[in-house]
Structures are given as C-alpha cells and as structure tokens.
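Colleague: Coordinates in input_4.cif, mmCIF, C-alpha atoms, are listed below.
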data_final
#
loop_
_atom_site.label_atom_id
_atom_site.label_comp_id
_atom_site.auth_asym_id
_atom_site.auth_seq_id
_atom_site.Cartn_x
_atom_site.Cartn_y
_atom_site.Cartn_z
CA MET A 1 20.23 6.33 -9.12
CA PHE A 2 19.05 2.72 -9.30
CA ARG A 3 16.31 3.40 -11.87
CA LYS A 4 18.63 5.27 -14.23
CA LEU A 5 20.55 2.17 -15.24
CA GLY A 6 19.72 0.72 -18.65
CA THR A 7 18.16 3.81 -20.24
CA ALA A 8 20.23 3.36 -23.39
CA ALA A 9 18.83 -0.15 -23.79
CA LEU A 10 15.31 1.18 -23.45
CA ILE A 11 15.90 3.85 -26.10
CA ALA A 12 17.22 1.30 -28.57
CA ALA A 13 14.39 -1.15 -27.99
CA PHE A 14 11.47 1.26 -28.06
CA THR A 15 12.78 2.96 -31.20
CA LEU A 16 12.07 -0.28 -33.07
CA ALA A 17 8.35 -0.02 -32.43
CA THR A 18 5.90 2.43 -33.93
CA THR A 19 2.56 1.10 -32.69
CA PRO A 20 3.28 -1.43 -29.94
CA SER A 21 0.41 -2.73 -27.85
CA PHE A 22 -0.15 -4.80 -24.77
CA ALA A 23 -2.79 -7.54 -24.70
CA CYS A 24 -2.17 -8.53 -21.10
CA THR A 25 -4.66 -10.40 -18.94
CA GLY A 26 -4.67 -10.57 -15.12
CA ILE A 27 -6.49 -13.01 -12.83
CA SER A 28 -6.74 -13.92 -9.12
CA LEU A 29 -7.45 -17.17 -7.28
CA ASP A 30 -8.05 -18.09 -3.63
CA ALA A 31 -7.16 -21.42 -1.99
CA LYS A 32 -9.11 -23.24 0.72
CA ASP A 33 -6.30 -22.79 3.25
CA GLY A 34 -6.26 -19.01 2.83
CA GLY A 35 -3.54 -18.93 0.19
CA LEU A 36 -3.95 -16.22 -2.44
CA VAL A 37 -2.37 -15.88 -5.87
CA ARG A 38 -2.44 -13.32 -8.68
CA GLY A 39 -1.36 -14.13 -12.23
CA ARG A 40 -1.00 -12.40 -15.57
CA THR A 41 0.25 -12.68 -19.14
CA LEU A 42 2.54 -10.09 -20.71
CA GLU A 43 2.19 -9.32 -24.40
CA PHE A 44 3.96 -6.77 -26.53
CA GLY A 45 4.73 -6.10 -30.19
CA PHE A 46 8.51 -6.41 -29.85
CA PRO A 47 10.87 -8.15 -27.39
CA LEU A 48 10.78 -6.49 -23.97
CA SER A 49 13.70 -8.67 -22.84
CA SER A 50 12.37 -8.79 -19.29
CA ASN A 51 14.43 -10.08 -16.42
CA ALA A 52 13.49 -10.62 -12.79
CA ILE A 53 14.96 -8.03 -10.45
CA VAL A 54 15.36 -8.29 -6.70
CA VAL A 55 15.23 -4.95 -4.86
CA PRO A 56 16.08 -5.07 -1.12
CA ALA A 57 14.50 -2.72 1.40
CA GLY A 58 16.55 0.46 1.81
CA THR A 59 17.16 1.00 -1.92
CA GLU A 60 17.00 4.62 -3.09
CA MET A 61 14.68 5.19 -6.07
CA ASN A 62 13.81 8.17 -8.28
CA GLY A 63 10.86 9.12 -10.43
CA THR A 64 11.34 10.82 -13.80
CA LEU A 65 9.67 13.95 -15.19
CA PRO A 66 8.84 14.49 -18.89
CA ASP A 67 11.82 16.84 -19.25
CA GLY A 68 14.17 14.13 -17.95
CA LYS A 69 14.66 15.69 -14.52
CA ALA A 70 14.18 13.75 -11.30
CA GLY A 71 10.75 13.68 -9.74
CA ILE A 72 9.90 11.83 -6.56
CA ASN A 73 12.75 10.46 -4.46
CA TYR A 74 12.25 7.75 -1.85
CA THR A 75 13.92 4.86 -0.09
CA THR A 76 12.10 1.55 -0.23
CA LYS A 77 10.63 0.29 3.04
CA PHE A 78 10.03 -3.20 1.73
CA SER A 79 11.93 -5.69 -0.40
CA MET A 80 10.41 -6.71 -3.75
CA VAL A 81 10.87 -8.99 -6.73
CA GLY A 82 9.35 -8.90 -10.18
CA ALA A 83 9.84 -8.40 -13.90
CA ASN A 84 11.40 -5.36 -15.53
CA ALA A 85 11.57 -4.39 -19.22
CA VAL A 86 14.50 -3.84 -21.62
CA GLY A 87 17.07 -3.10 -18.96
CA GLN A 88 15.03 -0.60 -16.96
CA GLN A 89 15.30 -1.00 -13.21
CA VAL A 90 11.55 -0.85 -12.71
CA ILE A 91 8.96 -3.48 -11.79
CA ILE A 92 6.00 -3.93 -14.13
CA ASP A 93 4.81 -7.02 -12.28
CA GLY A 94 5.86 -8.30 -8.88
CA ILE A 95 5.39 -8.79 -5.15
CA ASN A 96 6.86 -7.32 -1.96
CA ASP A 97 7.78 -8.91 1.37
CA GLN A 98 4.41 -7.91 2.88
CA GLY A 99 2.41 -9.96 0.39
CA LEU A 100 1.34 -6.98 -1.71
CA SER A 101 1.34 -7.70 -5.45
CA PHE A 102 1.31 -5.32 -8.42
CA GLY A 103 0.75 -5.49 -12.17
CA LEU A 104 1.02 -2.81 -14.88
CA PHE A 105 -1.35 -3.13 -17.85
CA TYR A 106 -1.51 -1.07 -21.04
CA PHE A 107 -4.36 1.48 -21.13
CA PRO A 108 -4.27 3.22 -24.53
CA GLY A 109 -6.72 5.96 -25.43
CA PHE A 110 -8.10 6.41 -21.93
CA ALA A 111 -5.21 7.45 -19.66
CA GLU A 112 -5.35 11.16 -18.71
CA TYR A 113 -2.34 12.55 -16.88
CA PRO A 114 -1.89 15.88 -15.07
CA ALA A 115 0.63 18.49 -16.15
CA VAL A 116 3.81 18.79 -14.13
CA THR A 117 3.78 21.81 -11.86
CA PHE A 118 6.02 23.32 -9.23
CA ASN A 119 3.69 21.91 -6.57
CA ASN A 120 3.54 18.31 -7.80
CA SER A 121 6.96 17.71 -9.39
CA SER A 122 8.51 16.40 -6.17
CA ARG A 123 5.81 13.67 -6.03
CA ALA A 124 5.81 12.80 -9.73
CA MET A 125 6.94 9.69 -11.59
CA ALA A 126 6.54 8.00 -14.97
CA PRO A 127 3.76 5.44 -15.54
CA PHE A 128 6.28 2.60 -15.71
CA GLU A 129 7.85 3.68 -12.36
CA PHE A 130 4.63 3.42 -10.38
CA GLY A 131 5.02 -0.29 -9.54
CA ALA A 132 8.29 0.10 -7.65
CA TRP A 133 6.79 2.99 -5.68
CA VAL A 134 3.76 0.89 -4.70
CA LEU A 135 5.70 -2.21 -3.73
CA GLY A 136 8.48 -0.27 -2.06
CA ASN A 137 6.24 1.78 0.22
CA PHE A 138 3.03 -0.08 1.08
CA ALA A 139 2.09 -3.28 2.90
CA SER A 140 -1.59 -3.52 1.98
CA VAL A 141 -4.30 -2.24 -0.32
CA ASP A 142 -5.76 -0.14 2.50
CA GLU A 143 -2.38 1.53 3.12
CA LEU A 144 -2.00 2.27 -0.58
CA LYS A 145 -5.51 3.76 -0.83
CA ALA A 146 -4.70 6.02 2.13
CA GLY A 147 -1.35 7.11 0.71
CA ILE A 148 -1.97 7.28 -3.01
CA GLN A 149 -2.47 11.06 -2.86
CA HIS A 150 1.27 11.36 -2.19
CA ALA A 151 2.03 10.17 -5.73
CA VAL A 152 1.49 11.84 -9.09
CA VAL A 153 1.82 9.83 -12.30
CA VAL A 154 2.70 12.09 -15.22
CA ASP A 155 3.05 11.43 -18.93
CA THR A 156 6.79 10.90 -18.91
CA PRO A 157 7.55 9.14 -22.21
CA ALA A 158 9.53 5.98 -22.38
CA PRO A 159 12.69 7.06 -24.25
CA GLY A 160 12.31 6.57 -28.00
CA PHE A 161 8.74 5.34 -27.58
CA GLY A 162 6.60 8.18 -26.34
CA SER A 163 3.64 7.97 -24.04
CA SER A 164 3.12 4.69 -22.18
CA PRO A 165 -0.51 4.88 -20.99
CA SER A 166 -1.00 2.39 -18.16
CA HIS A 167 -3.38 1.33 -15.46
CA TYR A 168 -2.62 -0.94 -12.54
CA PHE A 169 -3.90 -3.92 -10.58
CA VAL A 170 -2.97 -4.38 -6.91
CA ARG A 171 -3.85 -7.28 -4.58
CA ASP A 172 -2.78 -7.97 -1.00
CA LYS A 173 -2.61 -11.05 1.23
CA THR A 174 -6.06 -10.33 2.73
CA GLY A 175 -7.62 -10.76 -0.71
CA LYS A 176 -8.45 -7.10 -1.29
CA SER A 177 -7.95 -6.01 -4.89
CA ILE A 178 -8.11 -2.63 -6.60
CA VAL A 179 -7.60 -1.19 -10.05
CA ILE A 180 -5.93 2.22 -10.31
CA GLU A 181 -6.47 4.29 -13.45
CA PRO A 182 -5.23 7.78 -14.45
CA ILE A 183 -8.51 9.44 -15.36
CA GLY A 184 -9.18 13.17 -15.48
CA GLY A 185 -5.66 13.94 -14.29
CA THR A 186 -5.98 11.99 -11.04
CA LEU A 187 -5.46 8.40 -9.95
CA LYS A 188 -8.92 6.89 -9.65
CA VAL A 189 -9.31 3.75 -7.53
CA PHE A 190 -11.85 1.03 -8.33
CA GLU A 191 -12.63 -1.90 -6.08
CA ALA A 192 -11.95 -5.13 -8.03
CA PRO A 193 -13.84 -7.91 -6.26
CA LEU A 194 -13.58 -10.34 -9.20
CA GLY A 195 -9.80 -10.01 -9.32
CA VAL A 196 -9.42 -9.69 -13.10
CA ILE A 197 -8.14 -6.99 -15.44
CA THR A 198 -7.30 -6.54 -19.12
CA ASN A 199 -6.84 -3.26 -20.99
CA ALA A 200 -9.01 -0.45 -22.38
CA PRO A 201 -11.62 0.82 -21.89
CA ALA A 202 -11.99 1.87 -18.26
CA TYR A 203 -12.50 -0.76 -15.56
CA ASP A 204 -16.09 0.24 -14.74
CA TRP A 205 -17.03 -0.27 -18.42
CA HIS A 206 -15.75 -3.86 -18.28
CA MET A 207 -17.78 -4.53 -15.15
CA THR A 208 -20.92 -3.22 -16.87
CA ASN A 209 -20.20 -5.28 -20.00
CA LEU A 210 -20.32 -8.46 -17.90
CA ARG A 211 -24.10 -8.07 -17.86
CA ASN A 212 -24.17 -9.03 -21.54
CA TYR A 213 -23.01 -12.55 -20.64
CA LEU A 214 -25.32 -13.59 -17.82
CA ASN A 215 -26.43 -16.58 -19.89
CA LEU A 216 -23.04 -18.31 -19.70
CA SER A 217 -22.95 -21.45 -17.57
CA VAL A 218 -20.52 -24.26 -16.75
CA THR A 219 -23.36 -26.79 -16.74
CA SER A 220 -24.69 -28.78 -19.68
CA VAL A 221 -27.63 -27.53 -21.71
CA PRO A 222 -30.75 -29.72 -21.21
CA PRO A 223 -32.44 -31.32 -24.22
CA LEU A 224 -35.01 -29.20 -26.05
CA ASP A 225 -38.30 -30.63 -27.28
CA LEU A 226 -39.47 -28.92 -30.49
CA GLY A 227 -42.88 -30.39 -31.21
CA GLY A 228 -41.69 -33.92 -30.67
CA VAL A 229 -38.25 -33.38 -32.18
CA MET A 230 -35.77 -33.79 -29.34
CA LEU A 231 -32.59 -31.79 -29.76
CA THR A 232 -29.57 -32.41 -27.54
CA GLN A 233 -26.25 -30.63 -27.26
CA LEU A 234 -23.56 -31.90 -29.62
CA GLY A 235 -21.05 -32.23 -26.80
CA GLN A 236 -20.11 -31.00 -23.36
CA GLY A 237 -19.50 -27.29 -22.97
CA ALA A 238 -22.62 -25.93 -24.63
CA GLY A 239 -23.33 -23.85 -21.52
CA MET A 240 -20.40 -21.64 -22.48
CA HIS A 241 -21.62 -21.15 -26.05
CA GLY A 242 -21.19 -17.47 -26.82
CA LEU A 243 -18.07 -17.05 -24.70
CA PRO A 244 -15.94 -14.60 -26.76
CA GLY A 245 -12.70 -16.17 -27.93
CA ASP A 246 -10.81 -13.31 -29.60
CA PHE A 247 -7.88 -11.39 -28.12
CA THR A 248 -9.56 -8.00 -27.62
CA PRO A 249 -9.55 -6.62 -24.05
CA PRO A 250 -13.36 -6.87 -23.57
CA SER A 251 -13.40 -10.49 -24.72
CA ARG A 252 -10.43 -11.45 -22.57
CA PHE A 253 -12.04 -9.80 -19.54
CA ILE A 254 -15.17 -11.94 -19.99
CA ARG A 255 -13.12 -15.12 -20.36
CA ALA A 256 -11.01 -14.25 -17.32
CA VAL A 257 -14.11 -13.87 -15.17
CA ALA A 258 -15.66 -17.06 -16.57
CA PHE A 259 -12.59 -19.22 -15.96
CA THR A 260 -11.71 -17.87 -12.51
CA GLN A 261 -15.28 -18.05 -11.25
CA SER A 262 -15.73 -21.62 -12.49
CA GLU A 263 -12.36 -22.95 -11.32
CA VAL A 264 -12.52 -25.77 -8.75
CA GLN A 265 -10.94 -24.19 -5.68
CA ALA A 266 -7.38 -25.24 -4.86
CA SER A 267 -6.52 -26.79 -1.50
CA ASN A 268 -3.46 -24.60 -0.95
CA ALA A 269 -1.37 -21.87 -2.52
CA ASP A 270 0.98 -24.28 -4.32
CA GLU A 271 -1.98 -25.89 -6.06
CA ALA A 272 -3.52 -22.48 -6.80
CA VAL A 273 -0.31 -21.38 -8.54
CA LEU A 274 -0.55 -24.28 -10.98
CA LYS A 275 -4.26 -23.68 -11.52
CA ALA A 276 -3.52 -20.04 -12.33
CA PHE A 277 -0.99 -21.06 -14.97
CA HIS A 278 -3.56 -23.41 -16.52
CA ILE A 279 -6.14 -20.62 -16.74
CA LEU A 280 -3.60 -18.19 -18.17
CA ASN A 281 -2.81 -20.73 -20.90
CA GLN A 282 -6.24 -19.78 -22.28
CA PHE A 283 -4.87 -16.30 -23.04
CA ASP A 284 -1.58 -17.33 -24.59
CA ILE A 285 -1.03 -15.60 -27.95
CA PRO A 286 0.96 -17.73 -30.41
CA LEU A 287 3.34 -15.85 -32.67
CA GLY A 288 1.46 -14.75 -35.78
CA SER A 289 -2.10 -14.73 -34.40
CA VAL A 290 -2.11 -10.97 -33.70
CA ARG A 291 -0.51 -8.66 -36.27
CA ASP A 292 -0.40 -4.92 -36.86
CA LYS A 293 -1.54 -4.21 -40.42
CA ALA A 294 0.37 -0.93 -40.72
CA THR A 295 3.75 -2.17 -39.50
CA GLY A 296 3.52 -5.91 -40.00
CA GLY A 297 4.55 -6.34 -36.38
CA THR A 298 3.38 -9.40 -34.47
CA GLU A 299 2.33 -9.69 -30.85
CA LEU A 300 2.83 -12.71 -28.63
CA THR A 301 2.76 -13.74 -25.00
CA GLN A 302 6.35 -13.04 -23.97
CA TRP A 303 5.97 -14.29 -20.41
CA THR A 304 3.41 -15.38 -17.86
CA SER A 305 3.79 -14.84 -14.12
CA VAL A 306 2.01 -15.85 -10.92
CA SER A 307 2.52 -14.26 -7.49
CA ASP A 308 2.00 -16.34 -4.33
CA LEU A 309 0.99 -13.74 -1.76
CA LYS A 310 1.10 -16.17 1.16
CA ASN A 311 4.50 -17.77 0.60
CA LEU A 312 6.06 -14.67 -1.03
CA ARG A 313 7.09 -16.38 -4.24
CA TRP A 314 7.06 -15.03 -7.79
CA TYR A 315 6.72 -17.63 -10.57
CA PHE A 316 7.24 -17.19 -14.29
CA LYS A 317 7.54 -18.94 -17.64
CA THR A 318 8.49 -17.47 -21.00
CA TYR A 319 7.53 -17.93 -24.64
CA ASP A 320 10.71 -19.89 -25.35
CA ASP A 321 10.67 -21.89 -22.12
CA GLN A 322 7.36 -23.09 -20.73
CA SER A 323 9.06 -24.57 -17.66
CA ILE A 324 7.74 -22.85 -14.53
CA ARG A 325 10.48 -21.18 -12.51
CA MET A 326 10.20 -19.57 -9.09
CA VAL A 327 11.93 -16.82 -7.13
CA ASP A 328 11.51 -17.07 -3.36
CA LEU A 329 11.61 -13.44 -2.24
CA LYS A 330 13.04 -14.06 1.22
CA GLN A 331 15.75 -16.36 -0.11
CA ALA A 332 16.61 -14.00 -2.97
CA VAL A 333 16.87 -10.94 -0.72
CA GLU A 334 19.12 -12.79 1.70
CA ALA A 335 21.38 -13.89 -1.15
CA ALA A 336 21.42 -10.35 -2.63
CA LYS A 337 23.10 -9.03 0.55
CA GLY A 338 21.53 -5.59 0.37
CA GLU A 339 22.21 -4.94 -3.30
CA PRO A 340 19.72 -4.91 -6.19
CA ARG A 341 20.26 -8.04 -8.29
CA THR A 342 19.00 -9.40 -11.61
CA ILE A 343 17.86 -12.92 -12.50
CA LYS A 344 17.76 -13.91 -16.16
CA MET A 345 14.31 -14.96 -17.38
CA GLU A 346 15.04 -16.02 -20.95
CA SER A 347 16.12 -19.63 -21.49
CA THR A 348 15.64 -22.54 -23.87
CA GLN A 349 12.85 -25.05 -23.36
CA PRO A 350 14.25 -28.35 -22.06
CA VAL A 351 12.73 -31.49 -23.54
CA ALA A 352 13.17 -34.58 -21.40
CA ASN A 353 13.58 -37.95 -23.11
CA ALA A 354 11.18 -40.32 -21.33
CA SER A 355 11.61 -43.18 -23.80
CA THR A 356 12.99 -45.64 -21.22
CA ASN A 357 11.44 -44.30 -18.01
CA PHE A 358 9.50 -47.52 -17.55
CA MET A 359 7.49 -48.12 -14.41
CA SER A 360 8.00 -51.34 -12.49
CA GLY A 361 5.19 -53.85 -12.59
CA LYS A 362 4.09 -52.91 -9.08
CA GLN A 363 4.22 -49.18 -9.83
CA ALA A 364 2.09 -49.68 -12.93
CA ALA A 365 -0.41 -51.80 -11.03
CA ASP A 366 -0.68 -49.29 -8.17
CA ALA A 367 -0.93 -46.21 -10.37
CA PRO A 368 -4.51 -44.88 -10.70
CA GLN A 369 -3.68 -43.67 -14.20
CA GLY A 370 -2.55 -47.12 -15.19
CA LYS A 371 -5.74 -48.74 -13.94
CA ALA A 372 -7.90 -46.21 -15.73
CA ALA A 373 -5.96 -46.69 -18.94
CA ALA A 374 -6.20 -50.47 -18.68
CA GLU A 375 -9.95 -50.33 -18.13
#
Here is the file; what I need is its structure written in the form of structure tokens.

Modeller:
Amino acid sequence: MFRKLGTAALIAAFTLATTPSFACTGISLDAKDGGLVRGRTLEFGFPLSSNAIVVPAGTEMNGTLPDGKAGINYTTKFSMVGANAVGQQVIIDGINDQGLSFGLFYFPGFAEYPAVTFNNSSRAMAPFEFGAWVLGNFASVDELKAGIQHAVVVDTPAPGFGSSPSHYFVRDKTGKSIVIEPIGGTLKVFEAPLGVITNAPAYDWHMTNLRNYLNLSVTSVPPLDLGGVMLTQLGQGAGMHGLPGDFTPPSRFIRAVAFTQSEVQASNADEAVLKAFHILNQFDIPLGSVRDKATGGTELTQWTSVSDLKNLRWYFKTYDDQSIRMVDLKQAVEAAKGEPRTIKMESTQPVANASTNFMSGKQAADAPQGKAAAE
C-alpha cells in the first residue's frame, strides 16, 4: 500500500535517536478579506529528511497496528499536500483541497492510547498516520468532529523508535480550529479559538496558564512617579516585560498567543502568509541552543510551513534554505496525473549578489525608503 513505502528508511533514521523530542509551535492568522492561514515550526533531535508529498483523491491508504498488521483501510476523498518524515508516505503537516489543514505535534508523557481489540482493529491507525486520514476524508472541522468516532489511534511504534505520542491541530477555511488529544484512551476534542498549539501538557492546561500573563501589553509603560523621582521605561517594549523567552512548550504557547493577538491584521491571504513566517521566526531554534544532556543530541528548527486555506497553497522553508517556497495544491494534483508524487524540500540557501543593482536617479528619488533614508 501507499503508506508502506519507505519503512526501511524510517527504521534506519529512528534507530539513531534515543530521546528525540519535538519543540514545535503552531499559530493561526486571519486576513481582512477573509483569507486564513495556519503556520508551524518543526523541530526534532535528528534529521527527519522531510519532503512534500502530493496525494491525489482516490489513493488507497492503510493504518498500521502495533503488531505490524494492517488496521484501517480507506480511499481518500480529497487531494492533499504536506510534509512527510524520513521516507514515510504520511502527512505530519498539510492541507487538503477543501481548505482543511492539519498539524501533528509531539505530546510526550500525556498521550494515552487504547489497546487494540477485535472490535476496533479495523478502525485503528498509528499516531503518525492520523493526518492523512483527516485530510483524506473530511472537508471541515465540523465534519471531522462528527466522524472522529470512526477512527482509533493506537500506540503503534515508529519502527526502531518506539512510541510516538502526538496530539493534533486542525483548522478549516471557516476559521474553526480544534485540538485533538489522545487522553484516557479516547480522542478528546478541544475548541481552539486562539489558534495556537505547542506540546505537553494538555491543551486545557495551556489555556489556564494564560491567566498568569494578563499583565502583558503591546503598549508602552507610562512613567512612574516615586516621591518626586520620575522613572521612565528604558526603551520601547516594556509592556511585554515578563514574556517568557525559553523554548519550553508553556513558554512558547504564551509567546504564540502574544504575537498572534498583537499582529497588525493582514489585508489578504498572501500578506498573512508572510506575516505568519515573521512570527514563526520568533520560535526558530538555532543549532546548539537546545541539547540533550544524556545523549549530546541537538535540536533545531528543521523546517517551517504555512498553509493558505483560501488559495490552497502550502508554503515552506528549511533550516538550510530560508527561501520561501510554495506548492499550489490544485496545480500539483493536476501535474501528478492521479499518482502520489514527492517534491524535494531540502536545498541550499541562495545568496544573491546585489553589489551593482543600482537604482536609477528617478527610482531613488521616488522610493519612500530612499526619502526616509535621506532625511
């Protein structure tokens, strides 16, 4: 089956890691013209070697049980595009042709999966297979909420790696967002009105923790008179003093809410895509900043993606190439001619030489930037 391809590559890659961890962050933005985007970073402790895969409608897919046998079997109703991992034909982040978007996020220590039984095995799949099932079968958040009981996510280990505890963020073109978490052996659905997600602990804990940061503000702090001694802020930005800056999931959740809620709204989806990338730059992990003490492994932001739910485009950039690239789902599906196809994500950062790209005198005079610089 389609998903079975690349298992050997997954075994080899996951065997290299003993305590890998995700530090992914997800955000959402709305544009004034009704355009909606969802973006995220993808972090891991070893190279996931992700590529973009295009899966046309009508593709047969299988789920996998812990014993290696096939679980759920279905044929996709909708076409989809997104990122896979180490050769697996799965989607851990992507969008379908109905404007439904999906993201998988690591959820260690809190995921609770049901046991496989005779009654649920025909509906079961691995945590990393859930994204393709969602995008392949549902057009909206409401449809997914109504049909989620037809799926069972079980603790099928990634070959050579073991358990891959995950929770999921889903957003549709109406702006509805939900978080889905395997808790108590069932898939629990949380409404996600703020459109952000990180990792553990559970989503409702993060929402409660926001109440510890009600003092944060985008506005300047007014001067303070202490018995005739007037104290003023040292510089702009004092309203955000206390905003946590570390890479832990709770801190990233607070920053994601702060930056998305304070963002000046984009005029359209194209502008919102670029704004999303700018916000996600705040969560970029440089190589060496996060290390595992036991293994010496380092974590970094391997790629960043943004889904345009209105125009059905999936954008990405990678650690080695910060150029933003785009896959137009409709165009890609047409070019794929009914067959699943792969688009390489890894590339080398181009550096343009602008040494002699001089503006003409008129261009320089008419350019707002030039006038501001001259003044």

Colleague: Considering all atoms listed in the file, return as an mmCIF file with C-alpha atoms, in the coordinates of the input whatever protein or nucleic-acid residues lie within 12 Å of Trp205 of chain A, sequence-local ones (same chain, fewer than 3 positions apart) excluded.

Modeller:
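To be explicit, this is the file written out as result-v6.cif:
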data_model
loop_
_atom_site.group_PDB
_atom_site.id
_atom_site.type_symbol
_atom_site.label_atom_id
_atom_site.label_comp_id
_atom_site.auth_asym_id
_atom_site.auth_seq_id
_atom_site.Cartn_x
_atom_site.Cartn_y
_atom_site.Cartn_z
ATOM 1 C CA PHE A 110 -8.100 6.410 -21.930
ATOM 2 C CA PHE A 190 -11.850 1.030 -8.330
ATOM 3 C CA ILE A 197 -8.140 -6.990 -15.440
ATOM 4 C CA THR A 198 -7.300 -6.540 -19.120
ATOM 5 C CA ASN A 199 -6.840 -3.260 -20.990
ATOM 6 C CA ALA A 200 -9.010 -0.450 -22.380
ATOM 7 C CA PRO A 201 -11.620 0.820 -21.890
ATOM 8 C CA ALA A 202 -11.990 1.870 -18.260
ATOM 9 C CA THR A 208 -20.920 -3.220 -16.870
ATOM 10 C CA ASN A 209 -20.200 -5.280 -20.000
ATOM 11 C CA LEU A 210 -20.320 -8.460 -17.900
ATOM 12 C CA ARG A 211 -24.100 -8.070 -17.860
ATOM 13 C CA ASN A 212 -24.170 -9.030 -21.540
ATOM 14 C CA PRO A 249 -9.550 -6.620 -24.050
ATOM 15 C CA PRO A 250 -13.360 -6.870 -23.570
ATOM 16 C CA PHE A 253 -12.040 -9.800 -19.540
ATOM 17 C CA ILE A 254 -15.170 -11.940 -19.990
#

Colleague: Determine, counting all atoms listed in the file, which protein, DNA and RNA residues have an atom within 7 Å of an atom of Tyr168 of chain A; residues of the same chain fewer than 3 positions away are not included. Present the result as a JSON list (two decimals) with C-alpha atoms, in the coordinates of the input.

Modeller:
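Once everything was written out, this is selection.json:
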[["chain", "number", "residue", "atom", "x", "y", "z"],
["A", 103, "GLY", "CA", 0.75, -5.49, -12.17],
["A", 104, "LEU", "CA", 1.02, -2.81, -14.88],
["A", 105, "PHE", "CA", -1.35, -3.13, -17.85],
["A", 179, "VAL", "CA", -7.60, -1.19, -10.05],
["A", 180, "ILE", "CA", -5.93, 2.22, -10.31],
["A", 181, "GLU", "CA", -6.47, 4.29, -13.45]]

Colleague: Please provide the set of residues having any atom within 8 Å of Ser347 of chain A, restricted to all atoms listed in the file, with same-chain residues fewer than 6 positions apart removed, written as a PyMOL selection string.

Modeller: chain A and resi 318+320-321

Colleague: Residues as selected, C-alpha atoms, written as a PDB file, in the coordinates of the input, can you do that?

Modeller:
ATOM      1  CA  THR A 318       8.490 -17.470 -21.000  1.00  0.00           C
ATOM      2  CA  ASP A 320      10.710 -19.890 -25.350  1.00  0.00           C
ATOM      3  CA  ASP A 321      10.670 -21.890 -22.120  1.00  0.00           C
TER       4      ASP A 321
END

Colleague: Counting only C-alpha atoms, what is within 8 Å of segment 276-283 of chain A, bar same-chain residues fewer than 6 positions away, as a PyMOL selection string?

Modeller: chain A and resi 25+27-29+37-41+247+252+259-260+304-306

Colleague: Let's have the selection written as an mmCIF file, in the frame of the given file, with C-alpha atoms.

Modeller:
data_model
loop_
_atom_site.group_PDB
_atom_site.id
_atom_site.type_symbol
_atom_site.label_atom_id
_atom_site.label_comp_id
_atom_site.auth_asym_id
_atom_site.auth_seq_id
_atom_site.Cartn_x
_atom_site.Cartn_y
_atom_site.Cartn_z
ATOM 1 C CA THR A 25 -4.660 -10.400 -18.940
ATOM 2 C CA ILE A 27 -6.490 -13.010 -12.830
ATOM 3 C CA SER A 28 -6.740 -13.920 -9.120
ATOM 4 C CA LEU A 29 -7.450 -17.170 -7.280
ATOM 5 C CA VAL A 37 -2.370 -15.880 -5.870
ATOM 6 C CA ARG A 38 -2.440 -13.320 -8.680
ATOM 7 C CA GLY A 39 -1.360 -14.130 -12.230
ATOM 8 C CA ARG A 40 -1.000 -12.400 -15.570
ATOM 9 C CA THR A 41 0.250 -12.680 -19.140
ATOM 10 C CA PHE A 247 -7.880 -11.390 -28.120
ATOM 11 C CA ARG A 252 -10.430 -11.450 -22.570
ATOM 12 C CA PHE A 259 -12.590 -19.220 -15.960
ATOM 13 C CA THR A 260 -11.710 -17.870 -12.510
ATOM 14 C CA THR A 304 3.410 -15.380 -17.860
ATOM 15 C CA SER A 305 3.790 -14.840 -14.120
ATOM 16 C CA VAL A 306 2.010 -15.850 -10.920
#

Colleague: Once the PyMOL selection byres ((chain A and resi 74-85) around 8) has been evaluated on this model, what residues remain selected, and can you format them as a ChimeraX atom specification?

Modeller: /A:10,48-62,72-73,86-98,133,135-138,314,327,329,333
